[in-house]
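Data file: data14.txt. Format and content: compact mmCIF, C-alpha atoms.
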```
# COMPACT_ATOMS: atom_id res chain seq x y z
CA MET F 122 161.27 -53.19 79.71
CA ILE F 123 160.06 -49.61 80.03
CA ALA F 124 158.89 -49.67 76.40
CA LEU F 125 157.02 -52.94 76.93
CA SER F 126 155.41 -51.62 80.08
CA ALA F 127 154.32 -48.46 78.29
CA LEU F 128 152.91 -50.53 75.41
CA TRP F 129 151.01 -52.73 77.85
CA ASP F 130 149.55 -49.72 79.65
CA TRP F 131 148.47 -48.20 76.32
CA ALA F 132 146.82 -51.45 75.21
CA VAL F 133 144.94 -51.80 78.49
CA ASN F 134 143.79 -48.17 78.56
CA TYR F 135 142.86 -47.84 74.88
CA LEU F 136 141.88 -51.36 73.81
CA GLY F 137 140.59 -52.95 77.02
CA PHE F 138 137.04 -51.61 76.79
CA ALA F 139 136.67 -52.51 73.12
CA LEU F 140 137.84 -56.08 73.77
CA GLU F 141 135.57 -56.47 76.81
CA LEU F 142 132.58 -55.11 74.89
CA SER F 143 133.15 -57.28 71.83
CA LEU F 144 133.47 -60.42 73.98
CA ALA F 145 130.29 -59.48 75.85
CA CYS F 146 128.51 -59.19 72.51
CA VAL F 147 129.80 -62.65 71.58
CA LEU F 148 127.81 -64.05 74.52
CA TYR F 149 124.59 -62.74 73.00
CA MET F 150 125.59 -63.79 69.47
CA LEU F 151 126.03 -67.46 70.35
CA PRO F 152 122.28 -68.35 70.38
CA LEU F 153 121.59 -66.32 67.19
CA ASN F 154 121.48 -67.37 63.54
CA LYS F 155 125.00 -67.03 62.14
CA ARG F 156 126.09 -65.76 58.76
CA PRO F 157 128.30 -68.07 56.65
CA GLY F 158 131.92 -67.95 57.83
CA PHE F 159 130.92 -66.78 61.31
CA SER F 160 134.28 -67.53 62.95
CA LEU F 161 136.30 -65.64 60.33
CA ARG F 162 133.85 -62.73 60.40
CA LEU F 163 134.06 -62.58 64.18
CA ALA F 164 137.87 -62.69 64.33
CA ALA F 165 138.23 -60.04 61.61
CA GLY F 166 135.52 -57.90 63.19
CA ILE F 167 137.15 -57.90 66.63
CA LEU F 168 140.54 -56.99 65.14
CA LEU F 169 138.98 -54.13 63.17
CA MET F 170 137.15 -52.95 66.27
CA LEU F 171 140.39 -52.92 68.30
CA ALA F 172 142.19 -51.03 65.53
CA PHE F 173 139.33 -48.53 65.41
CA ALA F 174 139.43 -48.10 69.21
CA GLY F 175 143.17 -47.42 69.16
CA LEU F 176 142.65 -44.40 66.86
CA ILE F 177 140.01 -42.61 68.96
CA PRO F 178 141.06 -40.20 71.73
CA ARG F 179 139.66 -40.94 75.18
CA SER F 180 136.35 -39.11 75.61
CA LEU F 181 132.65 -39.68 76.09
CA LEU F 182 132.22 -39.80 72.31
CA ARG F 183 134.72 -42.64 72.14
CA TYR F 184 132.45 -44.96 74.14
CA LEU F 185 129.53 -44.16 71.86
CA LEU F 186 131.61 -44.84 68.75
CA GLU F 187 132.88 -48.14 70.14
CA PHE F 188 129.32 -49.12 70.98
CA ALA F 189 128.30 -48.35 67.37
CA ALA F 190 131.23 -50.47 66.16
CA ALA F 191 129.99 -53.33 68.37
CA ALA F 192 126.53 -53.13 66.77
CA VAL F 193 128.15 -53.32 63.31
CA LEU F 194 130.19 -56.31 64.49
CA VAL F 195 127.00 -58.14 65.56
CA TRP F 196 125.22 -57.33 62.30
CA GLY F 197 128.19 -58.50 60.24
CA CYS F 198 128.44 -61.84 62.05
CA CYS F 199 124.79 -62.77 62.57
CA ASP F 200 121.87 -63.12 60.18
CA LEU F 201 119.47 -60.62 61.74
CA SER F 202 117.97 -57.18 61.27
CA PHE F 203 119.57 -53.85 62.13
CA TRP F 204 117.33 -53.46 65.20
CA ASP F 205 118.23 -56.92 66.46
CA ALA F 206 121.93 -56.13 66.04
CA LEU F 207 121.49 -52.89 67.99
CA TYR F 208 119.56 -54.75 70.68
CA CYS F 209 122.33 -57.36 70.98
CA ALA F 210 125.01 -54.66 71.32
CA VAL F 211 122.98 -52.90 74.02
CA CYS F 212 122.74 -56.12 76.05
CA GLY F 213 126.48 -56.69 75.59
CA TYR F 214 127.21 -53.15 76.81
CA ALA F 215 125.16 -53.70 79.99
CA THR F 216 126.94 -57.00 80.66
CA GLN F 217 130.39 -55.44 80.17
CA HIS F 218 129.52 -52.57 82.50
CA PHE F 219 128.24 -54.95 85.17
CA ALA F 220 131.48 -56.96 85.01
CA PHE F 221 133.58 -53.77 85.12
CA CYS F 222 131.75 -52.45 88.19
CA CYS F 223 131.92 -55.84 89.89
CA HIS F 224 135.69 -56.07 89.36
CA THR F 225 136.27 -52.47 90.47
CA TRP F 226 134.14 -52.94 93.58
CA LEU F 227 135.95 -56.16 94.52
CA ASN F 228 139.35 -54.58 93.86
CA ARG F 229 138.53 -51.68 96.22
CA THR F 230 136.90 -53.74 98.98
CA VAL F 231 138.94 -56.95 99.11
CA GLY F 232 142.45 -56.47 100.36
CA GLY F 233 145.38 -58.05 98.58
CA LEU F 234 143.85 -58.02 95.09
CA ALA F 235 146.04 -55.16 93.92
CA ARG F 236 148.98 -57.53 93.42
CA TRP F 237 146.77 -59.83 91.33
CA TYR F 238 144.89 -57.11 89.49
CA TYR F 239 144.82 -58.62 86.01
CA PRO F 240 144.26 -62.29 87.02
CA ALA F 241 141.46 -61.12 89.35
CA LYS F 242 139.95 -59.01 86.58
CA LEU F 243 140.07 -61.93 84.15
CA ALA F 244 138.42 -64.27 86.68
CA THR F 245 135.73 -61.70 87.52
CA PHE F 246 134.83 -61.00 83.88
CA LEU F 247 134.82 -64.72 83.07
CA ALA F 248 132.49 -65.50 85.99
CA VAL F 249 130.12 -62.63 85.16
CA TYR F 250 130.01 -63.44 81.44
CA LEU F 251 129.27 -67.12 82.06
CA ALA F 252 126.55 -66.28 84.60
CA PHE F 253 124.91 -63.76 82.26
CA PHE F 254 125.03 -66.20 79.36
CA PHE F 255 123.00 -68.83 81.23
CA LEU F 256 120.73 -66.39 83.07
CA ILE F 257 120.00 -63.93 80.25
CA ALA F 258 121.70 -64.35 76.86
CA ARG F 259 120.31 -67.79 75.99
CA ARG F 260 116.79 -66.83 77.12
CA LEU F 261 116.38 -63.72 74.98
CA PRO F 262 116.24 -65.00 71.37
CA GLU F 263 113.55 -67.15 69.81
CA LYS F 264 114.65 -69.41 66.95
CA GLY F 265 117.87 -67.44 66.53
CA ARG F 266 116.29 -63.97 66.47
CA TYR F 267 115.25 -61.32 68.96
CA ASN F 268 112.39 -59.84 66.91
CA ALA F 269 112.95 -56.74 69.01
CA GLY F 270 111.76 -54.03 66.63
CA ALA F 271 112.62 -50.33 66.67
CA ARG F 272 110.66 -49.44 69.80
CA GLN F 273 112.15 -52.11 72.06
CA SER F 274 115.68 -51.60 70.74
CA LEU F 275 115.60 -47.81 71.21
CA PHE F 276 114.00 -48.12 74.65
CA SER F 277 116.73 -50.55 75.75
CA LEU F 278 119.39 -48.30 74.22
CA LEU F 279 118.23 -45.21 76.11
CA LEU F 280 117.73 -47.11 79.36
CA ILE F 281 121.06 -48.93 79.45
CA LEU F 282 123.32 -46.29 77.89
CA THR F 283 121.89 -43.63 80.19
CA CYS F 284 122.56 -45.85 83.18
CA THR F 285 126.07 -46.91 82.18
CA ILE F 286 127.46 -43.67 80.73
CA LEU F 287 125.97 -41.23 83.23
CA LEU F 288 126.84 -43.36 86.24
CA SER F 289 130.34 -44.01 84.92
CA ASN F 290 130.98 -40.31 84.39
CA TYR F 291 129.60 -39.52 87.84
CA VAL F 292 131.81 -42.11 89.52
CA THR F 293 134.86 -40.90 87.56
CA SER F 294 134.23 -37.32 88.60
CA ARG F 295 133.84 -38.40 92.25
CA ILE F 296 137.13 -40.26 92.13
CA VAL F 297 138.87 -37.19 90.77
CA ALA F 298 137.27 -35.08 93.49
CA GLY F 299 138.48 -37.44 96.19
CA THR F 300 135.07 -38.69 97.31
CA ALA F 301 135.00 -41.10 100.24
CA ALA F 302 135.31 -44.77 99.30
CA GLU F 303 131.92 -45.61 100.82
CA ASP F 304 130.17 -43.35 98.30
CA LEU F 305 132.01 -44.98 95.42
CA TYR F 306 131.05 -48.46 96.63
CA ILE F 307 127.40 -47.43 96.64
CA CYS F 308 127.71 -46.02 93.12
CA PHE F 309 129.27 -49.23 91.80
CA LEU F 310 126.63 -51.40 93.47
CA TYR F 311 123.88 -49.15 92.12
CA ALA F 312 125.29 -49.38 88.60
CA MET F 313 125.46 -53.17 88.85
CA LEU F 314 121.87 -53.30 90.08
CA CYS F 315 120.67 -51.05 87.26
CA CYS F 316 122.43 -53.09 84.57
CA PHE F 317 121.13 -56.41 85.88
CA ALA F 318 117.60 -55.04 86.34
CA ALA F 319 117.59 -53.63 82.80
CA LEU F 320 118.73 -56.96 81.35
CA TRP F 321 116.28 -58.99 83.41
CA LEU F 322 113.57 -56.62 82.24
CA GLN F 323 114.49 -57.58 78.66
CA VAL F 324 114.02 -61.26 79.53
CA LEU F 325 110.56 -60.52 80.95
CA LEU F 326 109.63 -58.34 77.95
CA GLN F 327 110.73 -61.02 75.50
CA ARG F 328 108.74 -63.64 77.39
CA GLN F 329 105.67 -61.41 77.40
CA SER F 330 106.13 -60.70 73.70
CA ARG F 331 106.23 -64.43 72.90
CA LEU F 332 103.09 -65.06 74.96
CA GLN F 333 101.33 -62.20 73.19
CA ARG F 334 102.31 -63.57 69.78
CA GLU F 335 101.01 -67.00 70.78
CA MET F 336 97.71 -65.48 71.93
CA ASP F 337 97.40 -63.49 68.70
CA LEU F 338 98.12 -66.62 66.67
CA LYS F 339 95.50 -68.62 68.57
CA GLU F 340 92.94 -65.87 68.02
CA ARG F 341 93.72 -65.68 64.31
CA LEU F 342 93.55 -69.45 64.03
CA TRP F 343 90.15 -69.40 65.73
CA HIS F 344 88.84 -66.97 63.13
CA GLN F 345 90.40 -69.08 60.37
CA GLN F 346 88.74 -72.18 61.77
CA LYS F 347 85.43 -70.34 61.88
CA ALA F 348 85.80 -69.46 58.21
CA GLN F 349 86.95 -73.01 57.49
CA TYR F 350 83.74 -74.36 59.00
CA HIS F 351 81.65 -72.44 56.49
CA ILE F 352 83.89 -73.57 53.63
CA THR F 353 83.58 -77.18 54.73
CA LYS F 354 79.78 -76.86 54.83
CA GLU F 355 79.82 -75.60 51.25
CA ASN F 356 82.09 -78.44 50.15
CA ILE F 357 79.86 -81.06 51.80
CA ALA F 358 76.80 -79.54 50.18
CA LEU F 359 78.56 -79.62 46.82
CA ILE F 360 79.51 -83.29 47.23
CA ASN F 361 75.92 -84.14 48.24
CA ARG F 362 74.59 -82.41 45.12
CA LYS F 363 77.09 -84.28 42.96
CA CYS F 364 76.11 -87.60 44.53
CA HIS F 365 72.45 -86.81 43.93
CA ASP F 366 73.19 -86.00 40.29
CA LEU F 367 75.19 -89.21 39.89
CA LYS F 368 72.30 -91.30 41.20
CA HIS F 369 69.88 -89.84 38.69
CA GLN F 370 72.36 -90.05 35.81
CA ILE F 371 73.09 -93.70 36.50
CA ALA F 372 69.36 -94.41 36.72
CA ALA F 373 68.85 -92.68 33.37
CA LEU F 374 71.60 -94.77 31.77
CA ALA F 375 69.89 -97.95 32.98
CA ARG F 376 66.67 -97.17 31.04
CA PRO F 377 66.46 -98.86 27.61
CA GLU F 378 65.08 -95.78 25.93
CA ALA F 379 68.24 -93.86 26.92
CA ASP F 380 70.42 -95.48 24.25
CA GLY F 381 70.26 -92.45 21.97
CA ALA F 382 71.17 -90.00 24.71
CA ARG F 383 73.79 -92.27 26.37
CA SER F 384 76.75 -90.17 25.23
CA GLY F 385 75.18 -87.06 26.71
CA TYR F 386 74.58 -88.80 30.02
CA LEU F 387 78.17 -90.06 30.04
CA LYS F 388 79.44 -86.53 29.53
CA GLU F 389 77.31 -85.30 32.44
CA LEU F 390 78.58 -88.19 34.55
CA GLU F 391 82.20 -87.35 33.72
CA ASP F 392 81.61 -83.69 34.66
CA SER F 393 80.00 -84.70 37.93
CA ILE F 394 82.92 -86.81 39.11
CA GLN F 395 85.49 -84.06 38.45
CA ILE F 396 84.91 -82.88 42.00
CA TYR F 397 86.53 -86.11 43.26
CA ASP F 398 89.69 -85.37 41.27
CA CYS F 399 90.73 -82.55 43.58
CA THR F 400 92.90 -84.65 45.91
CA VAL F 401 96.54 -83.51 45.81
CA LYS F 402 99.59 -85.63 46.71
CA THR F 403 102.76 -83.58 47.20
CA GLY F 404 104.78 -85.46 49.81
CA SER F 405 103.66 -83.15 52.64
CA GLU F 406 100.48 -83.94 54.55
CA VAL F 407 99.80 -80.34 55.51
CA LEU F 408 100.45 -79.13 51.95
CA ASP F 409 98.11 -81.85 50.61
CA THR F 410 95.42 -80.71 53.04
CA VAL F 411 95.50 -77.02 52.22
CA LEU F 412 95.76 -77.54 48.44
CA THR F 413 92.93 -80.11 48.37
CA GLU F 414 90.76 -77.86 50.49
CA LYS F 415 91.33 -74.83 48.26
CA LYS F 416 90.83 -76.85 45.07
CA LEU F 417 87.45 -78.06 46.35
CA TYR F 418 86.47 -74.49 47.08
CA CYS F 419 87.62 -73.32 43.65
CA GLU F 420 85.71 -76.14 41.95
CA ALA F 421 82.56 -75.09 43.76
CA HIS F 422 82.98 -71.45 42.69
CA GLN F 423 83.98 -71.95 39.03
CA ILE F 424 87.65 -71.09 39.59
CA ASN F 425 90.40 -73.07 37.87
CA MET F 426 93.29 -73.78 40.26
CA THR F 427 96.43 -75.54 38.99
CA CYS F 428 99.13 -76.96 41.28
CA VAL F 429 102.69 -78.04 40.63
CA ALA F 430 104.00 -78.78 44.10
CA ASP F 431 106.79 -80.80 45.72
CA GLY F 432 106.30 -80.74 49.47
CA SER F 433 108.95 -83.32 50.37
CA LYS F 434 111.30 -80.68 51.84
CA LEU F 435 108.71 -78.83 53.97
CA GLY F 436 109.35 -80.85 57.12
CA PHE F 437 111.53 -78.15 58.74
CA MET F 438 108.58 -75.73 58.91
CA ASP F 439 105.85 -75.73 61.54
CA PRO F 440 102.65 -77.20 59.98
CA VAL F 441 100.67 -74.20 61.26
CA ASP F 442 103.05 -71.86 59.41
CA VAL F 443 102.71 -73.85 56.18
CA TYR F 444 98.92 -73.94 56.44
CA ALA F 445 98.63 -70.24 57.26
CA MET F 446 101.11 -69.08 54.59
CA LEU F 447 99.61 -71.07 51.69
CA GLY F 448 96.07 -70.56 52.91
CA ASN F 449 96.49 -66.79 53.06
CA ALA F 450 98.18 -66.62 49.65
CA ILE F 451 95.52 -68.73 47.93
CA ASP F 452 92.67 -66.93 49.70
CA ASN F 453 94.03 -63.61 48.42
CA ALA F 454 94.19 -65.03 44.90
CA ILE F 455 90.64 -66.40 45.17
CA GLU F 456 89.36 -63.01 46.28
CA ALA F 457 91.12 -61.33 43.34
CA VAL F 458 89.73 -63.63 40.62
CA SER F 459 86.24 -64.22 42.03
CA GLY F 460 84.87 -60.99 40.61
CA LEU F 461 86.49 -61.19 37.17
CA PRO F 462 83.89 -61.12 34.36
CA ASP F 463 85.96 -63.31 32.04
CA PRO F 464 85.72 -66.98 33.20
CA GLU F 465 89.04 -67.81 31.50
CA GLN F 466 90.81 -65.35 33.82
CA ARG F 467 89.45 -67.03 36.95
CA LEU F 468 92.69 -68.93 37.14
CA ILE F 469 95.12 -69.47 40.02
CA ALA F 470 98.53 -71.12 39.59
CA VAL F 471 100.38 -72.48 42.63
CA SER F 472 103.96 -73.74 42.44
CA VAL F 473 106.14 -75.18 45.22
CA TRP F 474 109.64 -76.46 44.48
CA THR F 475 113.23 -76.45 45.74
CA GLY F 476 116.41 -75.31 44.07
CA ARG F 477 119.85 -73.92 44.96
CA GLY F 478 119.29 -74.50 48.64
CA LEU F 479 115.96 -72.64 48.69
CA LEU F 480 112.34 -73.54 49.20
CA LEU F 481 110.42 -71.56 46.57
CA LEU F 482 106.69 -70.84 46.51
CA GLN F 483 104.88 -68.90 43.79
CA PHE F 484 101.25 -67.83 43.49
CA GLU F 485 99.88 -66.26 40.28
CA ASN F 486 96.46 -64.83 39.52
CA TYR F 487 94.77 -62.22 37.33
CA PHE F 488 93.30 -58.97 38.67
CA ASP F 489 91.32 -56.14 37.11
CA HIS F 490 91.52 -53.24 39.57
CA ALA F 491 94.15 -50.66 40.42
CA LEU F 492 96.49 -51.67 43.24
CA THR F 493 97.70 -49.18 45.81
CA PHE F 494 100.68 -50.03 47.99
CA GLU F 495 101.31 -49.13 51.63
CA ASP F 496 104.77 -49.88 53.07
CA GLY F 497 105.52 -52.08 50.06
CA LEU F 498 102.34 -54.17 50.45
CA PRO F 499 99.03 -53.93 48.58
CA ALA F 500 96.42 -52.06 50.58
CA THR F 501 93.52 -54.32 51.53
CA THR F 502 90.21 -53.77 49.80
CA LYS F 503 88.31 -55.30 52.72
CA ALA F 504 86.86 -53.50 55.69
CA ARG F 505 89.45 -53.28 58.42
CA ASP F 506 87.71 -55.18 61.21
CA GLY F 507 90.91 -56.31 62.89
CA TYR F 508 91.32 -59.55 60.95
CA HIS F 509 91.06 -58.56 57.28
CA GLY F 510 94.18 -57.29 55.59
CA PHE F 511 96.31 -59.69 57.61
CA GLY F 512 97.13 -62.14 54.79
CA ILE F 513 100.15 -60.69 52.97
CA PRO F 514 101.86 -59.23 56.10
CA SER F 515 101.40 -62.65 57.70
CA ILE F 516 103.04 -64.35 54.70
CA ARG F 517 106.00 -61.96 54.87
CA SER F 518 106.31 -62.44 58.63
CA THR F 519 106.33 -66.24 58.24
CA ALA F 520 108.96 -66.07 55.50
CA GLU F 521 111.20 -63.82 57.63
CA LYS F 522 110.72 -66.15 60.61
CA TYR F 523 112.64 -68.82 58.65
CA GLY F 524 115.22 -66.38 57.27
CA GLY F 525 113.48 -65.94 53.92
CA CYS F 526 111.79 -63.12 52.04
CA MET F 527 108.64 -62.32 50.09
CA THR F 528 108.38 -60.38 46.83
CA LEU F 529 105.37 -59.03 44.94
CA HIS F 530 105.01 -58.22 41.27
CA ALA F 531 101.92 -56.79 39.58
CA GLU F 532 101.93 -55.91 35.87
CA ASP F 533 99.59 -56.20 32.88
CA GLY F 534 96.78 -57.62 34.98
CA LEU F 535 98.89 -60.45 36.44
CA PHE F 536 99.75 -60.57 40.15
CA VAL F 537 102.68 -62.76 41.28
CA LEU F 538 103.64 -63.46 44.89
CA ARG F 539 106.93 -65.28 45.49
CA VAL F 540 108.39 -66.61 48.74
CA SER F 541 111.99 -67.81 49.11
CA ILE F 542 113.13 -69.62 52.27
CA PRO F 543 116.62 -71.10 52.82
CA LEU F 544 116.59 -74.87 53.40
CA PRO F 545 118.25 -75.99 56.64
```

Would you write out, as structure tokens, the structure that this file holds?
Amino acid sequence: MIALSALWDWAVNYLGFALELSLACVLYMLPLNKRPGFSLRLAAGILLMLAFAGLIPRSLLRYLLEFAAAAVLVWGCCDLSFWDALYCAVCGYATQHFAFCCHTWLNRTVGGLARWYYPAKLATFLAVYLAFFFLIARRLPEKGRYNAGARQSLFSLLLILTCTILLSNYVTSRIVAGTAAEDLYICFLYAMLCCFAALWLQVLLQRQSRLQREMDLKERLWHQQKAQYHITKENIALINRKCHDLKHQIAALARPEADGARSGYLKELEDSIQIYDCTVKTGSEVLDTVLTEKKLYCEAHQINMTCVADGSKLGFMDPVDVYAMLGNAIDNAIEAVSGLPDPEQRLIAVSVWTGRGLLLLQFENYFDHALTFEDGLPATTKARDGYHGFGIPSIRSTAEKYGGCMTLHAEDGLFVLRVSIPLP
């Protein structure tokens, strides 16, 4: 019995925090995108974290190492970036500390709980974790991701770890020094308030970030619509010219003296109606729209655009995302080939297909100038007025939004942009 009691005390003292922290992180993992085999990854990760915690001597460094292990646990179980994993672990740490302070405060203020210490602790942690899941955890992510970034993750890390670790050490030192119970109650309540305020601040920041992204998107779409208006005017003017040419060519064919030149008129007539052969049918209305629109523009500017596209599996993507991603990619290709002196190189190839559980998009075009890269992306050759240079970063951002990636390849005068997105 003594051996079992000693083993229990060791497990509680050395493994309790690691278990509480890992379970708190699970709360914030539930709304996120999971990696394949999530349950097995989670079970194995928690066991490894407990084993790791049992090997570290009790110290301030131990809490930091266990926090780092929690961040690795999140990253190994969920399909997200390093900064999102760190952000998730920070939120879990604040939740665990709130529950710990709440239980300690209740244990010291409510009489009779000492006999039911562990059942009361279990009930307190369960109540706090459930409340924080509905109040905070499920409100933070957007489409399975936090999109926190380095700045927000590090700010949250410094804010919450400073609050939890410094206050915990202060309270521990006061207990050792025999401080009056009233002072300790105030410290616990203050720590709870700080943790909740820090987490609620994250909810407000995430909400503000989403609103800002929506405003930025609306502004960018307004500028795209403005450009689209001018493109549409050019297309209408082109169609009007073609119709005018057709009228005169048909009238010429109707004249008896035109028999000798009839073949020439027929060739001109065939060339004139090529503009009406730009309609694309892919199985996706938004894909049809953007490809038809760009083909009309290319026809008007002596650019040959070929399309091999199957849009039947694009339904899981927001139409605005599809329009923006393909529109930006094709616009970049148009800009690259417009100034080429060789007409045969004014060629753009667009391919959209599915395979091996992926949606694949590829855009190919020629180029004749040196490319310089900044942060893995080609530097824009346009004036930076706030809206130019947005195309390729926007494509990459859209691909990452759906868990995919973008790659670029430029060699021997041929530029290839590929996008791969997992199918749901």

message: Which residues are close to Tyr214 in chain F, i.e. within 8 Å by all atoms listed in the file, leaving aside same-chain residues fewer than 3 positions away? Reply as a PyMOL selection string.
response: chain F and resi 142+145-146+188+210-211+217-218+281-282

- prompt: Between CA of Asn486 in chain F and CA of Asp533 in chain F, what is the distance, to one decimal in Å?
  reply: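 So the two atoms, CA of Asn486 in chain F and CA of Asp533 in chain F, lie 11.3 Å apart.
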
statement: Closest of F:Cys419, F:Leu261, F:Val473, F:Val537 to Thr403 in chain F, counting only C-alpha atoms, is F:Val473

For the contact check between range 461-481 of chain F and range 420-437 of chain F, emit one row per residue of range 461-481 of chain F within 7 Å, containing the shortest atom pair and the distance in Å rounded to one decimal, counting only C-alpha atoms, chain then rising number order, as CSV.
```
residue,atom,partner,partner_atom,distance
F:Arg467,CA,F:Ile424,CA,5.2
F:Leu468,CA,F:Asn425,CA,4.8
F:Ile469,CA,F:Met426,CA,4.7
F:Ala470,CA,F:Thr427,CA,4.9
F:Val471,CA,F:Cys428,CA,4.8
F:Ser472,CA,F:Val429,CA,4.8
F:Val473,CA,F:Ala430,CA,4.3
F:Trp474,CA,F:Asp431,CA,5.3
```

query: Which value, in Å to one decimal, gives the distance between CA of Cys209 in chain F and CA of Tyr149 in chain F?
result: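 So the answer is 6.2 Å.
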
message: With only C-alpha atoms as the counted atoms, please give the residues lying no more than 9 Å from Lys155 in chain F, apart from itself and same-chain residues fewer than 6 positions off, as a PyMOL selection string.
response: chain F and resi 198-201+265

- prompt: What is the CA of Leu140 in chain F to CA of Gln327 in chain F distance in Å?
  reply: 27.6 Å

field: Surrounding residues of Pro543 in chain F excluding itself and chain neighbours under 4 positions, 10 Å, all atoms listed in the file, as an NGL selection string
entry: :F and (475-481 or 520 or 523-526)

Put the listed atoms of range 142-155 of chain F in a box along x, y and z with 8 Å added on every side and give me the centre and edge lengths in Å to one decimal, as AutoDock Vina command-line options.
```
--center_x 127.5 --center_y -61.7 --center_z 69.0 --size_x 28.0 --size_y 29.2 --size_z 29.7
```

- request: Compile the contact shell of Leu194 in chain F as a PyMOL selection string: residues with an atom at most 12 Å away, counting all atoms listed in the file, same-chain residues fewer than 4 positions apart removed.
  value: chain F and resi 139+142-147+150+156+159+161-171+187-190+198-201+203+206-207+209-210+213

Please, could you write that set of residues out with C-alpha atoms as a short mmCIF file (atom, residue, chain, number, x, y, z; two decimals), keeping the file's coordinate frame?
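Written file, again.cif:
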```cif
data_model
loop_
_atom_site.label_atom_id
_atom_site.label_comp_id
_atom_site.auth_asym_id
_atom_site.auth_seq_id
_atom_site.Cartn_x
_atom_site.Cartn_y
_atom_site.Cartn_z
CA ALA F 139 136.67 -52.51 73.12
CA LEU F 142 132.58 -55.11 74.89
CA SER F 143 133.15 -57.28 71.83
CA LEU F 144 133.47 -60.42 73.98
CA ALA F 145 130.29 -59.48 75.85
CA CYS F 146 128.51 -59.19 72.51
CA VAL F 147 129.80 -62.65 71.58
CA MET F 150 125.59 -63.79 69.47
CA ARG F 156 126.09 -65.76 58.76
CA PHE F 159 130.92 -66.78 61.31
CA LEU F 161 136.30 -65.64 60.33
CA ARG F 162 133.85 -62.73 60.40
CA LEU F 163 134.06 -62.58 64.18
CA ALA F 164 137.87 -62.69 64.33
CA ALA F 165 138.23 -60.04 61.61
CA GLY F 166 135.52 -57.90 63.19
CA ILE F 167 137.15 -57.90 66.63
CA LEU F 168 140.54 -56.99 65.14
CA LEU F 169 138.98 -54.13 63.17
CA MET F 170 137.15 -52.95 66.27
CA LEU F 171 140.39 -52.92 68.30
CA GLU F 187 132.88 -48.14 70.14
CA PHE F 188 129.32 -49.12 70.98
CA ALA F 189 128.30 -48.35 67.37
CA ALA F 190 131.23 -50.47 66.16
CA CYS F 198 128.44 -61.84 62.05
CA CYS F 199 124.79 -62.77 62.57
CA ASP F 200 121.87 -63.12 60.18
CA LEU F 201 119.47 -60.62 61.74
CA PHE F 203 119.57 -53.85 62.13
CA ALA F 206 121.93 -56.13 66.04
CA LEU F 207 121.49 -52.89 67.99
CA CYS F 209 122.33 -57.36 70.98
CA ALA F 210 125.01 -54.66 71.32
CA GLY F 213 126.48 -56.69 75.59
#
```

With N, CA and C atoms as the goal, would you fill in the gaps in range 424-435 of chain F and present it as a JSON list (two decimals), in the coordinates of the input?
```
[["chain", "number", "residue", "atom", "x", "y", "z"],
["F", 424, "ILE", "N", 86.30, -71.62, 39.68],
["F", 424, "ILE", "CA", 87.65, -71.09, 39.59],
["F", 424, "ILE", "C", 88.59, -72.24, 39.26],
["F", 425, "ASN", "N", 89.45, -72.04, 38.27],
["F", 425, "ASN", "CA", 90.40, -73.07, 37.87],
["F", 425, "ASN", "C", 91.71, -72.88, 38.63],
["F", 426, "MET", "N", 92.06, -73.86, 39.46],
["F", 426, "MET", "CA", 93.29, -73.78, 40.26],
["F", 426, "MET", "C", 94.22, -74.90, 39.84],
["F", 427, "THR", "N", 95.43, -74.55, 39.39],
["F", 427, "THR", "CA", 96.43, -75.54, 38.99],
["F", 427, "THR", "C", 97.54, -75.58, 40.03],
["F", 428, "CYS", "N", 98.08, -76.78, 40.26],
["F", 428, "CYS", "CA", 99.13, -76.96, 41.28],
["F", 428, "CYS", "C", 100.28, -77.77, 40.71],
["F", 429, "VAL", "N", 101.48, -77.27, 40.88],
["F", 429, "VAL", "CA", 102.69, -78.04, 40.63],
["F", 429, "VAL", "C", 103.51, -77.91, 41.90],
["F", 430, "ALA", "N", 103.45, -78.94, 42.74],
["F", 430, "ALA", "CA", 104.00, -78.78, 44.10],
["F", 430, "ALA", "C", 104.79, -80.01, 44.51],
["F", 431, "ASP", "N", 105.96, -79.77, 45.09],
["F", 431, "ASP", "CA", 106.79, -80.80, 45.72],
["F", 431, "ASP", "C", 106.96, -80.40, 47.17],
["F", 432, "GLY", "N", 106.26, -81.09, 48.05],
["F", 432, "GLY", "CA", 106.30, -80.74, 49.47],
["F", 432, "GLY", "C", 107.22, -81.61, 50.29],
["F", 433, "SER", "N", 108.10, -82.37, 49.65],
["F", 433, "SER", "CA", 108.95, -83.32, 50.37],
["F", 433, "SER", "C", 109.96, -82.64, 51.28],
["F", 434, "LYS", "N", 110.29, -81.37, 51.03],
["F", 434, "LYS", "CA", 111.30, -80.68, 51.84],
["F", 434, "LYS", "C", 110.69, -79.69, 52.84],
["F", 435, "LEU", "N", 109.38, -79.80, 53.08],
["F", 435, "LEU", "CA", 108.71, -78.83, 53.97],
["F", 435, "LEU", "C", 108.75, -79.24, 55.44]]
```
